[in-house]
Amino acid sequence: MTRDVRQAGRFTPRYPRRAGRFVLRLGSPAAALGIWQLLTGLDVDLWLRFSQFPTVADVARAFADRLSGPDYWTDLTDSLTRILTGFLLAAVLGVATGVLVARSRLAADLLGPLLEVIRPIPAIALVPVAILLLPSDEQGIVFITFTAAFFPVLVSTRHAVRALTPVWEEAVRTMGGGRLRILASVVLPGALPGIFGGLSVGLGVSWICVISAEMISGQYGVGYRTWQDYTIVNYPGVFVGMVTIGVLGWVTSTAVEVVGRRLTRWLPRTSYVPGARIPRRPRGATTPVPVTPGTEKDVPHDQLV
Amino acid sequence: MTSSSDVRSPSRTGAGLALRDATLGRPDAPVLHGVDLDVAPGEILTVVGPSGCGKSTLLRTLAGLLSPLAGEVTQDTLRLTGPSADRALIFQEDALLPWRTLRANVELPLAIQGLPRAGRRTRAEAWLTRVGLAGQSRRLPHHVSGGQRQRAQLARALAPAPRAVLMDEPFGALDAQTRAGMQDLLVEVLRGTGATVVFVTHDVDEALFLGDRVALLRSGRLAALHDVPHPRDRAAHDDPARVALRREVLSSLGT
């Protein structure tokens, strides 16, 4: 026991403080850019060929040009509008369907098989369906984005609702609470950590699908622009598109994470430092090693296209 | 004085909680048979018995979470139809909602009853103060100790003024010292509420301290029902009648 406490006390402060962590976080992308510039600038042509590859400077120049043009911002807002519409629809309907399937046997029997058959189909493979069903390309892209995010949200919600501690519900029932009260006061707040895991995964898949869908059929949009640049052999332009996608994805998933953290602030947190080494448990010792509450970890990864 | 061997309750008026020839359990696994029991208004009945004897089943049936498989279960002569705010249940495990502060937890049953916000806030605060949690009301359940969580559960159960309180080994997970303090607190907060209490425990001393009567469950039956001499009197723990009863209960439990 004492041993464990001492170990925990020793390894926590050893991890760099805020400033140090900032440097580390900034350091890895900077190093990646440096290596990229080095390899392309020197036209390294070993087994991997960097001679045709645009340099960082090329990409930066192309980026600056793009930023001053009008199309870039139209692309950006178009892509964002599409993903946000699809993702918000998926969040609402995914949570609703997940709760329904987890709470009602009738709904599980009725919808379960159907959902399980549709679930393994990659959203991007639904492009023909979208073209047949929906009057405009725009709606088709939103539909595909929606389908991509819907299943991760549905599955995580279903798991989270089924894993709720039964005594919470019994407590509210013995207070005279009805179905709606249990839904609002127990099911939704209790499932929130799991739901946010699903939202994080869903958002990632949504980005993959919105970009792919834009590449296939689209007017404007980051994916459309990236593909256009590829067809006219404008490689720096392709990289501008990639960087844009990466940054947008990062910003939106951070937003989901921040909202999730705010709403689940009640979760007991351990003093575990993400990324720090956990002291190895001595053989035969029974004291438990600290563990973070599982949210993202518990999300099934079978949704990734 | 100590024993009533025919296992019949003194009053059969039906006021308070009553079971008539009731079979309890899940449909595929009945646990208790032929239970006849009256718990008078304001009485504290403690229930002891070996693990798996049906103590929790009895309590969950009284709470309305389980329906009796046969016979009748009533509160104030009315047949139970399901859980109701008239019968509060206190669990051994931590049944507070972890995302609500202690006060918000106590406010929940009041909100279900439709009390306006300001009213339920003051009432919740008053009850938290009464169970010794003044100043802790804005804290989350996992930020307070196990004993404090059970105090909050007690406040949550009693705040809506239920006519019956059902307690399932509420102090079972607490250390001996905290447990004695909680027993005293329970006696004090119940005073004047007139609530009927059914208190399940595996601790014979706790049963003899708290109960007006002790019910003994064994092999699927209500095996015995004893009046307790000097209930809720700590000084009477060496009273000869109490000692004799303690010996009798322990021997019939097979310990």
# chains A, B, ... in the order shown; residues from 1 in each chain; ligands from 1
>>> select_by_dssp(residues="region 23-233 of chain B", states="helix (DSSP H, G or I)", output="PyMOL selection string")
chain B and resi 55-63+102-112+117-130+141-143+146-158+176-190+204-210
>>> interface_residues(of="chain A", to="chain B", cutoff="12 Å", atoms="only C-alpha atoms", output="number ranges by chain")
A: 164-182, 184-193, 262-270
>>> residues_around(residues="Leu80 (chain B)", least_positions_apart="5", cutoff="10 Å", atoms="only C-alpha atoms", output="MDAnalysis selection string")
chainID B and resid 17 61:64 67:68 72:75
>>> residues_around(residues="region 203-210 of chain A", least_positions_apart="2", cutoff="7 Å", atoms="only C-alpha atoms", output="ChimeraX atom specification")
/A:83,87,123-124,141,144-145,148-149,199-201,212-214,249,253,304
>>> write_last_selection(atoms="N, CA and C atoms", output="mmCIF file, in the first residue's frame")
data_model
loop_
_atom_site.group_PDB
_atom_site.id
_atom_site.type_symbol
_atom_site.label_atom_id
_atom_site.label_comp_id
_atom_site.auth_asym_id
_atom_site.auth_seq_id
_atom_site.Cartn_x
_atom_site.Cartn_y
_atom_site.Cartn_z
ATOM 1 N N ILE A 83 -21.384 18.447 -43.318
ATOM 2 C CA ILE A 83 -21.057 17.507 -42.237
ATOM 3 C C ILE A 83 -21.868 17.814 -40.985
ATOM 4 N N PHE A 87 -24.214 15.153 -39.423
ATOM 5 C CA PHE A 87 -23.793 14.671 -38.108
ATOM 6 C C PHE A 87 -24.847 14.965 -37.036
ATOM 7 N N ALA A 123 -20.768 3.492 -45.651
ATOM 8 C CA ALA A 123 -21.660 4.573 -46.058
ATOM 9 C C ALA A 123 -21.381 5.023 -47.486
ATOM 10 N N ILE A 124 -20.112 5.010 -47.867
ATOM 11 C CA ILE A 124 -19.760 5.515 -49.195
ATOM 12 C C ILE A 124 -20.294 4.590 -50.292
ATOM 13 N N ILE A 141 -25.081 13.913 -50.391
ATOM 14 C CA ILE A 141 -23.864 13.986 -49.567
ATOM 15 C C ILE A 141 -24.232 14.014 -48.083
ATOM 16 N N ILE A 144 -25.220 10.571 -46.943
ATOM 17 C CA ILE A 144 -24.097 9.658 -46.734
ATOM 18 C C ILE A 144 -23.359 9.998 -45.441
ATOM 19 N N THR A 145 -23.192 11.295 -45.190
ATOM 20 C CA THR A 145 -22.555 11.719 -43.944
ATOM 21 C C THR A 145 -23.373 11.259 -42.736
ATOM 22 N N ALA A 148 -23.040 7.521 -42.145
ATOM 23 C CA ALA A 148 -21.733 7.189 -41.594
ATOM 24 C C ALA A 148 -21.708 7.366 -40.084
ATOM 25 N N ALA A 149 -22.280 8.470 -39.605
ATOM 26 C CA ALA A 149 -22.208 8.756 -38.167
ATOM 27 C C ALA A 149 -23.300 8.031 -37.393
ATOM 28 N N LEU A 199 -20.265 9.619 -30.455
ATOM 29 C CA LEU A 199 -20.252 10.856 -31.241
ATOM 30 C C LEU A 199 -18.844 11.138 -31.783
ATOM 31 N N SER A 200 -17.822 10.899 -30.948
ATOM 32 C CA SER A 200 -16.443 11.122 -31.395
ATOM 33 C C SER A 200 -16.109 10.234 -32.585
ATOM 34 N N VAL A 201 -16.407 8.942 -32.439
ATOM 35 C CA VAL A 201 -16.119 8.022 -33.544
ATOM 36 C C VAL A 201 -16.938 8.412 -34.762
ATOM 37 N N SER A 212 -15.200 11.866 -49.243
ATOM 38 C CA SER A 212 -15.322 10.892 -50.327
ATOM 39 C C SER A 212 -16.523 11.212 -51.198
ATOM 40 N N ALA A 213 -17.644 11.536 -50.554
ATOM 41 C CA ALA A 213 -18.851 11.824 -51.319
ATOM 42 C C ALA A 213 -18.662 13.056 -52.182
ATOM 43 N N GLU A 214 -17.968 14.051 -51.653
ATOM 44 C CA GLU A 214 -17.711 15.267 -52.439
ATOM 45 C C GLU A 214 -16.817 14.962 -53.633
ATOM 46 N N GLY A 249 -11.103 18.431 -39.241
ATOM 47 C CA GLY A 249 -11.441 17.242 -38.464
ATOM 48 C C GLY A 249 -10.989 17.393 -37.024
ATOM 49 N N SER A 253 -13.571 17.566 -33.851
ATOM 50 C CA SER A 253 -13.579 16.505 -32.841
ATOM 51 C C SER A 253 -13.170 17.058 -31.481
ATOM 52 N N LEU A 304 -15.396 1.920 -38.468
ATOM 53 C CA LEU A 304 -14.461 2.669 -39.294
ATOM 54 C C LEU A 304 -14.433 2.054 -40.679
#
>>> residues_around(residues="Thr193 (chain B)", least_positions_apart="6", cutoff="10 Å", atoms="only C-alpha atoms", output="PyMOL selection string")
chain B and resi 42+158+161-164
>>> residues_around(residues="Asp21 (chain B)", least_positions_apart="6", cutoff="6 Å", atoms="only C-alpha atoms", output="NGL selection string")
:B and (34-36 or 71)
>>> write_last_selection(atoms="C-alpha atoms", output="PDB file, in the first residue's frame")
ATOM      1  CA  GLY B  34     -47.394 -18.357   2.867  1.00  0.00           C
ATOM      2  CA  VAL B  35     -46.241 -15.098   4.430  1.00  0.00           C
ATOM      3  CA  ASP B  36     -48.780 -13.521   6.778  1.00  0.00           C
ATOM      4  CA  GLY B  71     -51.891 -13.897  -1.909  1.00  0.00           C
TER       5      GLY B  71
END
>>> atom_distance(atom1="CA of Ala15 (chain B)", atom2="CA of Leu222 (chain B)")
20.0 Å
>>> residues_around(residues="Met182 (chain B)", least_positions_apart="6", cutoff="8 Å", atoms="only C-alpha atoms", output="list in words")
Gly147, Arg151 and Phe171 of chain B
>>> write_last_selection(atoms="N, CA and C atoms", output="mmCIF file, in the first residue's frame")
data_model
loop_
_atom_site.group_PDB
_atom_site.id
_atom_site.type_symbol
_atom_site.label_atom_id
_atom_site.label_comp_id
_atom_site.auth_asym_id
_atom_site.auth_seq_id
_atom_site.Cartn_x
_atom_site.Cartn_y
_atom_site.Cartn_z
ATOM 1 N N GLY B 147 -20.574 6.661 4.276
ATOM 2 C CA GLY B 147 -21.547 6.969 5.316
ATOM 3 C C GLY B 147 -22.362 8.203 4.955
ATOM 4 N N ARG B 151 -26.374 8.734 4.362
ATOM 5 C CA ARG B 151 -27.159 9.810 4.984
ATOM 6 C C ARG B 151 -27.995 10.516 3.933
ATOM 7 N N PHE B 171 -27.016 -0.088 6.074
ATOM 8 C CA PHE B 171 -25.723 0.222 6.708
ATOM 9 C C PHE B 171 -24.749 -0.944 6.578
#
>>> closest_atom_pairs(of="region 47-74 of chain B", to="region 203-220 of chain B", cutoff="10 Å", atoms="only C-alpha atoms", output="tab-separated table")
residue	atom	partner	partner_atom	distance
B:Val47	CA	B:Ala215	CA	4.7
B:Val48	CA	B:Leu216	CA	5.2
B:Gly49	CA	B:Leu217	CA	4.9
B:Pro50	CA	B:Arg218	CA	7.0
B:Ser51	CA	B:Arg218	CA	9.5
B:Gly52	CA	B:Gly220	CA	9.1
B:Cys53	CA	B:Arg218	CA	5.8
B:Gly54	CA	B:Gly220	CA	6.9
B:Lys55	CA	B:Leu217	CA	7.2
B:Leu58	CA	B:Leu217	CA	9.8
